[in-house]
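This is my_file_10.txt (compact mmCIF, N, CA and C atoms).
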```
# COMPACT_ATOMS: atom_id res chain seq x y z
N MET A 1 107.59 84.55 89.47
CA MET A 1 106.80 85.22 90.51
C MET A 1 105.34 84.81 90.41
N ASN A 2 104.76 84.75 89.18
CA ASN A 2 103.37 84.37 89.01
C ASN A 2 103.11 82.94 89.50
N LYS A 3 104.07 82.03 89.24
CA LYS A 3 103.91 80.65 89.70
C LYS A 3 103.90 80.59 91.22
N LEU A 4 104.73 81.41 91.86
CA LEU A 4 104.79 81.44 93.30
C LEU A 4 103.46 81.93 93.89
N LEU A 5 102.88 82.95 93.28
CA LEU A 5 101.58 83.46 93.74
C LEU A 5 100.49 82.41 93.58
N LEU A 6 100.50 81.70 92.46
CA LEU A 6 99.51 80.65 92.22
C LEU A 6 99.63 79.54 93.26
N ILE A 7 100.84 79.10 93.53
CA ILE A 7 101.06 78.06 94.53
C ILE A 7 100.60 78.53 95.90
N ALA A 8 100.91 79.76 96.25
CA ALA A 8 100.49 80.31 97.54
C ALA A 8 98.97 80.38 97.64
N ALA A 9 98.29 80.79 96.57
CA ALA A 9 96.83 80.90 96.57
C ALA A 9 96.18 79.53 96.73
N LEU A 10 96.74 78.52 96.09
CA LEU A 10 96.19 77.18 96.18
C LEU A 10 96.45 76.55 97.54
N ALA A 11 97.49 76.96 98.21
CA ALA A 11 97.85 76.38 99.50
C ALA A 11 97.06 77.00 100.65
N LEU A 12 96.52 78.20 100.46
CA LEU A 12 95.78 78.85 101.52
C LEU A 12 94.45 78.16 101.75
N PRO A 13 94.06 78.01 103.00
CA PRO A 13 92.76 77.39 103.27
C PRO A 13 91.63 78.32 102.81
N GLY A 14 90.60 77.73 102.26
CA GLY A 14 89.45 78.49 101.82
C GLY A 14 88.20 77.99 102.52
N PRO A 15 87.10 78.66 102.31
CA PRO A 15 85.86 78.21 102.95
C PRO A 15 85.42 76.87 102.36
N ALA A 16 84.81 76.04 103.19
CA ALA A 16 84.34 74.73 102.72
C ALA A 16 82.93 74.88 102.17
N MET A 17 82.74 74.50 100.92
CA MET A 17 81.42 74.60 100.31
C MET A 17 80.56 73.46 100.82
N ALA A 18 79.35 73.79 101.21
CA ALA A 18 78.46 72.77 101.75
C ALA A 18 77.39 72.37 100.74
N ASP A 19 76.66 73.29 100.22
CA ASP A 19 75.50 73.00 99.39
C ASP A 19 75.34 74.04 98.29
N THR A 20 74.48 73.69 97.34
CA THR A 20 73.98 74.67 96.39
C THR A 20 72.47 74.74 96.58
N LEU A 21 71.96 75.93 96.73
CA LEU A 21 70.52 76.14 96.93
C LEU A 21 69.89 76.70 95.67
N ASP A 22 68.74 76.19 95.33
CA ASP A 22 67.93 76.63 94.19
C ASP A 22 66.68 77.26 94.80
N VAL A 23 66.57 78.59 94.70
CA VAL A 23 65.51 79.31 95.39
C VAL A 23 64.54 79.90 94.38
N ILE A 24 63.29 79.46 94.46
CA ILE A 24 62.25 79.91 93.54
C ILE A 24 61.14 80.56 94.36
N THR A 25 60.82 81.80 94.02
CA THR A 25 59.73 82.50 94.68
C THR A 25 58.51 82.43 93.76
N MET A 26 57.35 82.10 94.34
CA MET A 26 56.16 81.95 93.51
C MET A 26 54.92 82.38 94.28
N LYS A 27 53.85 82.51 93.51
CA LYS A 27 52.53 82.72 94.08
C LYS A 27 51.65 81.57 93.61
N LEU A 28 50.82 81.10 94.51
CA LEU A 28 49.90 80.03 94.15
C LEU A 28 48.72 80.62 93.37
N LYS A 29 48.24 79.86 92.40
CA LYS A 29 47.11 80.28 91.59
C LYS A 29 45.81 80.04 92.35
N ASP A 30 44.78 80.78 91.97
CA ASP A 30 43.47 80.57 92.57
C ASP A 30 43.07 79.11 92.43
N GLY A 31 42.56 78.55 93.49
CA GLY A 31 42.13 77.16 93.47
C GLY A 31 43.22 76.17 93.85
N CYS A 32 44.44 76.63 94.00
CA CYS A 32 45.53 75.76 94.41
C CYS A 32 45.92 76.13 95.84
N THR A 33 45.79 75.18 96.73
CA THR A 33 46.13 75.44 98.13
C THR A 33 47.60 75.11 98.39
N PHE A 34 48.09 75.61 99.49
CA PHE A 34 49.45 75.27 99.90
C PHE A 34 49.59 73.77 100.10
N GLU A 35 48.57 73.14 100.67
CA GLU A 35 48.60 71.70 100.90
C GLU A 35 48.73 70.94 99.58
N THR A 36 48.03 71.41 98.53
CA THR A 36 48.13 70.78 97.21
C THR A 36 49.55 70.91 96.68
N TYR A 37 50.12 72.12 96.76
CA TYR A 37 51.47 72.34 96.26
C TYR A 37 52.49 71.54 97.06
N LEU A 38 52.30 71.47 98.36
CA LEU A 38 53.19 70.68 99.21
C LEU A 38 53.13 69.21 98.81
N GLY A 39 51.96 68.72 98.49
CA GLY A 39 51.82 67.34 98.04
C GLY A 39 52.59 67.07 96.75
N ILE A 40 52.52 68.00 95.80
CA ILE A 40 53.29 67.86 94.56
C ILE A 40 54.78 67.86 94.86
N THR A 41 55.19 68.73 95.76
CA THR A 41 56.61 68.83 96.14
C THR A 41 57.08 67.53 96.79
N LYS A 42 56.26 66.94 97.64
CA LYS A 42 56.63 65.66 98.26
C LYS A 42 56.76 64.57 97.21
N GLU A 43 55.87 64.55 96.22
CA GLU A 43 55.98 63.58 95.13
C GLU A 43 57.26 63.82 94.32
N PHE A 44 57.57 65.10 94.07
CA PHE A 44 58.81 65.46 93.38
C PHE A 44 60.01 64.88 94.11
N ASN A 45 60.07 65.13 95.42
CA ASN A 45 61.21 64.64 96.22
C ASN A 45 61.32 63.13 96.16
N ALA A 46 60.20 62.43 96.30
CA ALA A 46 60.22 60.97 96.34
C ALA A 46 60.46 60.35 94.96
N ASN A 47 59.83 60.90 93.93
CA ASN A 47 59.85 60.27 92.61
C ASN A 47 60.94 60.79 91.67
N TRP A 48 61.55 61.90 92.02
CA TRP A 48 62.58 62.44 91.13
C TRP A 48 63.79 62.96 91.91
N GLY A 49 63.55 63.81 92.86
CA GLY A 49 64.65 64.46 93.57
C GLY A 49 65.63 63.52 94.22
N LYS A 50 65.11 62.51 94.90
CA LYS A 50 65.99 61.56 95.62
C LYS A 50 66.97 60.89 94.66
N ALA A 51 66.50 60.53 93.48
CA ALA A 51 67.36 59.85 92.50
C ALA A 51 68.42 60.76 91.90
N HIS A 52 68.23 62.09 92.03
CA HIS A 52 69.16 63.05 91.41
C HIS A 52 69.89 63.92 92.44
N GLY A 53 69.82 63.54 93.72
CA GLY A 53 70.54 64.28 94.74
C GLY A 53 69.98 65.66 95.02
N TYR A 54 68.67 65.83 94.81
CA TYR A 54 68.01 67.13 94.96
C TYR A 54 66.85 66.95 95.94
N ASN A 55 66.78 67.81 96.93
CA ASN A 55 65.67 67.78 97.88
C ASN A 55 65.09 69.18 98.02
N ALA A 56 63.78 69.27 97.95
CA ALA A 56 63.12 70.58 98.03
C ALA A 56 62.30 70.69 99.31
N GLN A 57 62.28 71.89 99.83
CA GLN A 57 61.37 72.22 100.92
C GLN A 57 60.69 73.53 100.57
N LEU A 58 59.54 73.76 101.19
CA LEU A 58 58.80 75.00 100.94
C LEU A 58 58.86 75.86 102.19
N MET A 59 58.89 77.16 101.96
CA MET A 59 58.88 78.11 103.07
C MET A 59 57.69 79.06 102.88
N LEU A 60 57.02 79.34 103.98
CA LEU A 60 55.98 80.36 104.00
C LEU A 60 56.46 81.51 104.86
N PRO A 61 56.21 82.74 104.42
CA PRO A 61 56.70 83.88 105.19
C PRO A 61 55.97 84.02 106.53
N VAL A 62 56.73 84.36 107.53
CA VAL A 62 56.17 84.68 108.84
C VAL A 62 56.11 86.20 108.97
N HIS A 63 57.21 86.84 108.63
CA HIS A 63 57.29 88.30 108.63
C HIS A 63 57.79 88.71 107.25
N SER A 64 56.93 89.34 106.46
CA SER A 64 57.30 89.68 105.09
C SER A 64 56.41 90.80 104.59
N SER A 65 56.92 91.54 103.62
CA SER A 65 56.09 92.58 103.00
C SER A 65 55.06 91.97 102.06
N ASP A 66 55.22 90.68 101.70
CA ASP A 66 54.26 90.00 100.84
C ASP A 66 54.03 88.59 101.36
N SER A 67 52.99 88.43 102.15
CA SER A 67 52.73 87.13 102.77
C SER A 67 52.07 86.14 101.82
N SER A 68 51.84 86.53 100.56
CA SER A 68 51.23 85.61 99.60
C SER A 68 52.26 84.74 98.88
N MET A 69 53.52 85.00 99.12
CA MET A 69 54.59 84.25 98.44
C MET A 69 54.80 82.87 99.07
N VAL A 70 55.18 81.94 98.23
CA VAL A 70 55.67 80.63 98.66
C VAL A 70 57.09 80.53 98.10
N ILE A 71 58.00 80.06 98.91
CA ILE A 71 59.39 79.99 98.47
C ILE A 71 59.84 78.53 98.49
N TRP A 72 60.32 78.10 97.33
CA TRP A 72 60.86 76.74 97.13
C TRP A 72 62.36 76.85 97.35
N VAL A 73 62.90 75.99 98.20
CA VAL A 73 64.34 75.92 98.38
C VAL A 73 64.78 74.50 98.07
N GLY A 74 65.42 74.34 96.92
CA GLY A 74 65.98 73.05 96.54
C GLY A 74 67.42 73.00 97.01
N ASN A 75 67.84 71.84 97.46
CA ASN A 75 69.16 71.70 98.04
C ASN A 75 69.89 70.54 97.38
N THR A 76 71.11 70.79 96.92
CA THR A 76 71.98 69.75 96.39
C THR A 76 73.33 69.84 97.09
N ALA A 77 74.11 68.79 97.01
CA ALA A 77 75.40 68.74 97.69
C ALA A 77 76.43 69.69 97.09
N SER A 78 76.25 70.06 95.82
CA SER A 78 77.23 70.94 95.17
C SER A 78 76.63 71.50 93.89
N ALA A 79 77.32 72.46 93.32
CA ALA A 79 76.90 73.02 92.03
C ALA A 79 76.95 71.95 90.94
N GLN A 80 77.90 71.04 91.05
CA GLN A 80 78.01 69.97 90.06
C GLN A 80 76.78 69.06 90.10
N VAL A 81 76.34 68.69 91.30
CA VAL A 81 75.14 67.86 91.43
C VAL A 81 73.92 68.62 90.90
N PHE A 82 73.82 69.91 91.26
CA PHE A 82 72.71 70.72 90.76
C PHE A 82 72.73 70.77 89.23
N GLY A 83 73.88 71.00 88.65
CA GLY A 83 73.99 71.09 87.19
C GLY A 83 73.57 69.81 86.50
N LYS A 84 73.98 68.67 87.04
CA LYS A 84 73.59 67.39 86.44
C LYS A 84 72.09 67.19 86.56
N ALA A 85 71.53 67.50 87.72
CA ALA A 85 70.08 67.36 87.91
C ALA A 85 69.32 68.29 86.97
N TRP A 86 69.81 69.54 86.86
CA TRP A 86 69.17 70.51 85.98
C TRP A 86 69.21 70.04 84.54
N ASP A 87 70.32 69.49 84.09
CA ASP A 87 70.42 68.97 82.72
C ASP A 87 69.38 67.88 82.47
N VAL A 88 69.24 66.96 83.41
CA VAL A 88 68.26 65.88 83.26
C VAL A 88 66.85 66.46 83.20
N TRP A 89 66.53 67.38 84.11
CA TRP A 89 65.19 67.98 84.18
C TRP A 89 64.89 68.73 82.89
N ARG A 90 65.79 69.60 82.48
CA ARG A 90 65.58 70.42 81.28
C ARG A 90 65.44 69.56 80.04
N ASN A 91 66.29 68.58 79.87
CA ASN A 91 66.24 67.74 78.69
C ASN A 91 64.97 66.90 78.63
N ALA A 92 64.45 66.52 79.78
CA ALA A 92 63.23 65.70 79.82
C ALA A 92 62.00 66.48 79.39
N MET A 93 62.06 67.80 79.40
CA MET A 93 60.90 68.60 79.00
C MET A 93 60.52 68.38 77.54
N ALA A 94 61.44 67.84 76.73
CA ALA A 94 61.15 67.57 75.32
C ALA A 94 60.16 66.42 75.17
N ASN A 95 60.02 65.60 76.20
CA ASN A 95 59.10 64.46 76.17
C ASN A 95 57.92 64.75 77.11
N PRO A 96 56.75 65.10 76.58
CA PRO A 96 55.61 65.45 77.44
C PRO A 96 55.14 64.30 78.34
N ASN A 97 55.56 63.08 78.04
CA ASN A 97 55.17 61.93 78.85
C ASN A 97 56.19 61.58 79.92
N SER A 98 57.28 62.34 80.01
CA SER A 98 58.30 62.06 81.03
C SER A 98 57.78 62.43 82.41
N VAL A 99 58.35 61.79 83.42
CA VAL A 99 58.01 62.11 84.81
C VAL A 99 58.22 63.60 85.06
N GLU A 100 59.35 64.12 84.55
CA GLU A 100 59.70 65.53 84.77
C GLU A 100 58.66 66.47 84.15
N ALA A 101 58.27 66.20 82.92
CA ALA A 101 57.30 67.07 82.23
C ALA A 101 55.94 67.01 82.92
N LYS A 102 55.56 65.84 83.39
CA LYS A 102 54.28 65.72 84.09
C LYS A 102 54.30 66.47 85.42
N LEU A 103 55.41 66.36 86.15
CA LEU A 103 55.54 67.13 87.38
C LEU A 103 55.54 68.63 87.09
N GLN A 104 56.29 69.05 86.08
CA GLN A 104 56.35 70.47 85.74
C GLN A 104 54.97 71.00 85.37
N ALA A 105 54.18 70.22 84.64
CA ALA A 105 52.82 70.65 84.28
C ALA A 105 51.97 70.86 85.53
N ARG A 106 52.14 69.99 86.51
CA ARG A 106 51.38 70.14 87.76
C ARG A 106 51.84 71.38 88.53
N PHE A 107 53.17 71.60 88.58
CA PHE A 107 53.67 72.81 89.23
C PHE A 107 53.13 74.06 88.53
N ASN A 108 53.17 74.07 87.20
CA ASN A 108 52.70 75.23 86.43
C ASN A 108 51.21 75.48 86.61
N ALA A 109 50.42 74.43 86.73
CA ALA A 109 48.98 74.58 86.92
C ALA A 109 48.65 75.16 88.29
N CYS A 110 49.57 75.02 89.22
CA CYS A 110 49.32 75.41 90.60
C CYS A 110 49.99 76.73 91.01
N SER A 111 51.00 77.17 90.26
CA SER A 111 51.76 78.34 90.70
C SER A 111 52.28 79.18 89.54
N THR A 112 52.60 80.41 89.88
CA THR A 112 53.25 81.33 88.94
C THR A 112 54.60 81.71 89.53
N GLN A 113 55.66 81.43 88.79
CA GLN A 113 57.01 81.74 89.27
C GLN A 113 57.25 83.24 89.18
N ILE A 114 57.78 83.80 90.25
CA ILE A 114 58.11 85.23 90.32
C ILE A 114 59.60 85.44 90.07
N SER A 115 60.44 84.62 90.71
CA SER A 115 61.89 84.76 90.53
C SER A 115 62.57 83.44 90.83
N ARG A 116 63.82 83.34 90.36
CA ARG A 116 64.62 82.15 90.63
C ARG A 116 66.08 82.58 90.75
N ALA A 117 66.76 82.01 91.74
CA ALA A 117 68.18 82.29 91.95
C ALA A 117 68.84 81.05 92.53
N SER A 118 70.14 80.92 92.33
CA SER A 118 70.90 79.82 92.91
C SER A 118 72.01 80.40 93.79
N TYR A 119 72.32 79.67 94.84
CA TYR A 119 73.33 80.14 95.79
C TYR A 119 74.23 78.98 96.21
N ASP A 120 75.51 79.23 96.30
CA ASP A 120 76.42 78.30 96.96
C ASP A 120 76.47 78.72 98.42
N THR A 121 76.44 77.74 99.31
CA THR A 121 76.53 78.06 100.73
C THR A 121 77.91 77.64 101.25
N TYR A 122 78.41 78.36 102.23
CA TYR A 122 79.73 78.12 102.79
C TYR A 122 79.63 78.08 104.31
N GLN A 123 80.48 77.26 104.89
CA GLN A 123 80.50 77.16 106.36
C GLN A 123 81.88 77.50 106.87
```
Kindly transcribe the structure held in the file into structure tokens.
Amino acid sequence: MNKLLLIAALALPGPAMADTLDVITMKLKDGCTFETYLGITKEFNANWGKAHGYNAQLMLPVHSSDSSMVIWVGNTASAQVFGKAWDVWRNAMANPNSVEAKLQARFNACSTQISRASYDTYQ
């Protein structure tokens, strides 16, 4: 009976996974403009993200209880792609001269992270 249930569950159509989103909410530090942060993000996309299947965009609130927030939305094709990219990014932090560590230092100098969450999206 258990085998029959497993076969039936695997045969049923499920939602198609489209992307994994990496959502980071932050506030910019004094002296750092949105344009500066956007420039760092564009460099990230061109110099690192593209090679690892990760693309980031920034969102500014239009209607929000806190209009000082900036929201980073990173997009990958799947959780597996995100995991591989995250492993590369995290491991590179051990080398302060790596592209990743230098980018992270620039992000840290410009912003304070408030929260981070990841989401799988379905269509």
Between atom N of A:Met93 and atom CA of A:Ile40 - distance in Å to one decimal: 17.5 Å
Atom CA of A:Ser64 to atom CA of A:Leu103, distance in Å rounded to a single decimal: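 Separation of atom CA of A:Ser64 and atom CA of A:Leu103: 28.7 Å.
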Two-atom distance - atom CA of A:Asn95, atom CA of A:Asp30 (Å):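 Going from atom CA of A:Asn95 over to atom CA of A:Asp30, I get 27.8 Å.
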At a cut-off of 7 Å around the point (63.3, 70.8, 96.3) (file coordinates), what residues fall inside when counting only C-alpha atoms? I'd like the answer as an mmCIF file with N, CA and C atoms, in the coordinates of the input.
```cif
data_model
loop_
_atom_site.group_PDB
_atom_site.id
_atom_site.type_symbol
_atom_site.label_atom_id
_atom_site.label_comp_id
_atom_site.auth_asym_id
_atom_site.auth_seq_id
_atom_site.Cartn_x
_atom_site.Cartn_y
_atom_site.Cartn_z
ATOM 1 N N THR A 41 55.190 68.730 95.760
ATOM 2 C CA THR A 41 56.610 68.830 96.140
ATOM 3 C C THR A 41 57.080 67.530 96.790
ATOM 4 N N ASN A 45 60.070 65.130 95.420
ATOM 5 C CA ASN A 45 61.210 64.640 96.220
ATOM 6 C C ASN A 45 61.320 63.130 96.160
ATOM 7 N N TYR A 54 68.670 65.830 94.810
ATOM 8 C CA TYR A 54 68.010 67.130 94.960
ATOM 9 C C TYR A 54 66.850 66.950 95.940
ATOM 10 N N ASN A 55 66.780 67.810 96.930
ATOM 11 C CA ASN A 55 65.670 67.780 97.880
ATOM 12 C C ASN A 55 65.090 69.180 98.020
ATOM 13 N N ALA A 56 63.780 69.270 97.950
ATOM 14 C CA ALA A 56 63.120 70.580 98.030
ATOM 15 C C ALA A 56 62.300 70.690 99.310
ATOM 16 N N GLN A 57 62.280 71.890 99.830
ATOM 17 C CA GLN A 57 61.370 72.220 100.920
ATOM 18 C C GLN A 57 60.690 73.530 100.570
ATOM 19 N N TRP A 72 60.320 78.100 97.330
ATOM 20 C CA TRP A 72 60.860 76.740 97.130
ATOM 21 C C TRP A 72 62.360 76.850 97.350
ATOM 22 N N VAL A 73 62.900 75.990 98.200
ATOM 23 C CA VAL A 73 64.340 75.920 98.380
ATOM 24 C C VAL A 73 64.780 74.500 98.070
ATOM 25 N N GLY A 74 65.420 74.340 96.920
ATOM 26 C CA GLY A 74 65.980 73.050 96.540
ATOM 27 C C GLY A 74 67.420 73.000 97.010
ATOM 28 N N ASN A 75 67.840 71.840 97.460
ATOM 29 C CA ASN A 75 69.160 71.700 98.040
ATOM 30 C C ASN A 75 69.890 70.540 97.380
#
```
Close residues, A:Asp120 itself excluded, 10 Å, only C-alpha atoms, min 2 positions apart in chain, as an MDAnalysis selection string: chainID A and resid 17:22 75:79 118 122
Within 8 Å of A:Ala85 using only N, CA and C atoms, minus same-chain residues under 3 positions, as a ChimeraX atom specification: /A:51-54,79-82,88-91
What box, with edges along x, y and z, holds each listed atom of stretch 26-35 of chain A when 6 Å is added on every side, and can you state its centre and edge lengths in Å to one decimal, as AutoDock Vina command-line options?
```
--center_x 49.7 --center_y 76.8 --center_z 96.2 --size_x 27.2 --size_y 23.8 --size_z 21.3
```
Selected residue of minimal separation from A:Gly31 among A:Asn97, A:Ser111, A:Ser65, A:Thr121, counting only C-alpha atoms: A:Ser111
All alpha helix (DSSP H) positions in stretch 4-113 of chain A, as number ranges by chain: A: 4-11, 34-44, 79-92, 99-110
Just to be explicit: take each residue in the selection above, keep N, CA and C atoms, and write the result as a compact mmCIF listing (two decimals), keeping the file's coordinate frame.
```txt
# COMPACT_ATOMS: atom_id res chain seq x y z
N LEU A 4 104.73 81.41 91.86
CA LEU A 4 104.79 81.44 93.30
C LEU A 4 103.46 81.93 93.89
N LEU A 5 102.88 82.95 93.28
CA LEU A 5 101.58 83.46 93.74
C LEU A 5 100.49 82.41 93.58
N LEU A 6 100.50 81.70 92.46
CA LEU A 6 99.51 80.65 92.22
C LEU A 6 99.63 79.54 93.26
N ILE A 7 100.84 79.10 93.53
CA ILE A 7 101.06 78.06 94.53
C ILE A 7 100.60 78.53 95.90
N ALA A 8 100.91 79.76 96.25
CA ALA A 8 100.49 80.31 97.54
C ALA A 8 98.97 80.38 97.64
N ALA A 9 98.29 80.79 96.57
CA ALA A 9 96.83 80.90 96.57
C ALA A 9 96.18 79.53 96.73
N LEU A 10 96.74 78.52 96.09
CA LEU A 10 96.19 77.18 96.18
C LEU A 10 96.45 76.55 97.54
N ALA A 11 97.49 76.96 98.21
CA ALA A 11 97.85 76.38 99.50
C ALA A 11 97.06 77.00 100.65
N PHE A 34 48.09 75.61 99.49
CA PHE A 34 49.45 75.27 99.90
C PHE A 34 49.59 73.77 100.10
N GLU A 35 48.57 73.14 100.67
CA GLU A 35 48.60 71.70 100.90
C GLU A 35 48.73 70.94 99.58
N THR A 36 48.03 71.41 98.53
CA THR A 36 48.13 70.78 97.21
C THR A 36 49.55 70.91 96.68
N TYR A 37 50.12 72.12 96.76
CA TYR A 37 51.47 72.34 96.26
C TYR A 37 52.49 71.54 97.06
N LEU A 38 52.30 71.47 98.36
CA LEU A 38 53.19 70.68 99.21
C LEU A 38 53.13 69.21 98.81
N GLY A 39 51.96 68.72 98.49
CA GLY A 39 51.82 67.34 98.04
C GLY A 39 52.59 67.07 96.75
N ILE A 40 52.52 68.00 95.80
CA ILE A 40 53.29 67.86 94.56
C ILE A 40 54.78 67.86 94.86
N THR A 41 55.19 68.73 95.76
CA THR A 41 56.61 68.83 96.14
C THR A 41 57.08 67.53 96.79
N LYS A 42 56.26 66.94 97.64
CA LYS A 42 56.63 65.66 98.26
C LYS A 42 56.76 64.57 97.21
N GLU A 43 55.87 64.55 96.22
CA GLU A 43 55.98 63.58 95.13
C GLU A 43 57.26 63.82 94.32
N PHE A 44 57.57 65.10 94.07
CA PHE A 44 58.81 65.46 93.38
C PHE A 44 60.01 64.88 94.11
N ALA A 79 77.32 72.46 93.32
CA ALA A 79 76.90 73.02 92.03
C ALA A 79 76.95 71.95 90.94
N GLN A 80 77.90 71.04 91.05
CA GLN A 80 78.01 69.97 90.06
C GLN A 80 76.78 69.06 90.10
N VAL A 81 76.34 68.69 91.30
CA VAL A 81 75.14 67.86 91.43
C VAL A 81 73.92 68.62 90.90
N PHE A 82 73.82 69.91 91.26
CA PHE A 82 72.71 70.72 90.76
C PHE A 82 72.73 70.77 89.23
N GLY A 83 73.88 71.00 88.65
CA GLY A 83 73.99 71.09 87.19
C GLY A 83 73.57 69.81 86.50
N LYS A 84 73.98 68.67 87.04
CA LYS A 84 73.59 67.39 86.44
C LYS A 84 72.09 67.19 86.56
N ALA A 85 71.53 67.50 87.72
CA ALA A 85 70.08 67.36 87.91
C ALA A 85 69.32 68.29 86.97
N TRP A 86 69.81 69.54 86.86
CA TRP A 86 69.17 70.51 85.98
C TRP A 86 69.21 70.04 84.54
N ASP A 87 70.32 69.49 84.09
CA ASP A 87 70.42 68.97 82.72
C ASP A 87 69.38 67.88 82.47
N VAL A 88 69.24 66.96 83.41
CA VAL A 88 68.26 65.88 83.26
C VAL A 88 66.85 66.46 83.20
N TRP A 89 66.53 67.38 84.11
CA TRP A 89 65.19 67.98 84.18
C TRP A 89 64.89 68.73 82.89
N ARG A 90 65.79 69.60 82.48
CA ARG A 90 65.58 70.42 81.28
C ARG A 90 65.44 69.56 80.04
N ASN A 91 66.29 68.58 79.87
CA ASN A 91 66.24 67.74 78.69
C ASN A 91 64.97 66.90 78.63
N ALA A 92 64.45 66.52 79.78
CA ALA A 92 63.23 65.70 79.82
C ALA A 92 62.00 66.48 79.39
N VAL A 99 58.35 61.79 83.42
CA VAL A 99 58.01 62.11 84.81
C VAL A 99 58.22 63.60 85.06
N GLU A 100 59.35 64.12 84.55
CA GLU A 100 59.70 65.53 84.77
C GLU A 100 58.66 66.47 84.15
N ALA A 101 58.27 66.20 82.92
CA ALA A 101 57.30 67.07 82.23
C ALA A 101 55.94 67.01 82.92
N LYS A 102 55.56 65.84 83.39
CA LYS A 102 54.28 65.72 84.09
C LYS A 102 54.30 66.47 85.42
N LEU A 103 55.41 66.36 86.15
CA LEU A 103 55.54 67.13 87.38
C LEU A 103 55.54 68.63 87.09
N GLN A 104 56.29 69.05 86.08
CA GLN A 104 56.35 70.47 85.74
C GLN A 104 54.97 71.00 85.37
N ALA A 105 54.18 70.22 84.64
CA ALA A 105 52.82 70.65 84.28
C ALA A 105 51.97 70.86 85.53
N ARG A 106 52.14 69.99 86.51
CA ARG A 106 51.38 70.14 87.76
C ARG A 106 51.84 71.38 88.53
N PHE A 107 53.17 71.60 88.58
CA PHE A 107 53.67 72.81 89.23
C PHE A 107 53.13 74.06 88.53
N ASN A 108 53.17 74.07 87.20
CA ASN A 108 52.70 75.23 86.43
C ASN A 108 51.21 75.48 86.61
N ALA A 109 50.42 74.43 86.73
CA ALA A 109 48.98 74.58 86.92
C ALA A 109 48.65 75.16 88.29
N CYS A 110 49.57 75.02 89.22
CA CYS A 110 49.32 75.41 90.60
C CYS A 110 49.99 76.73 91.01
```
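Using only C-alpha atoms, the smallest distance between any of A:Ala117, A:Thr112, A:Met26, A:Arg106 and A:Glu43 comes from A:Arg106.
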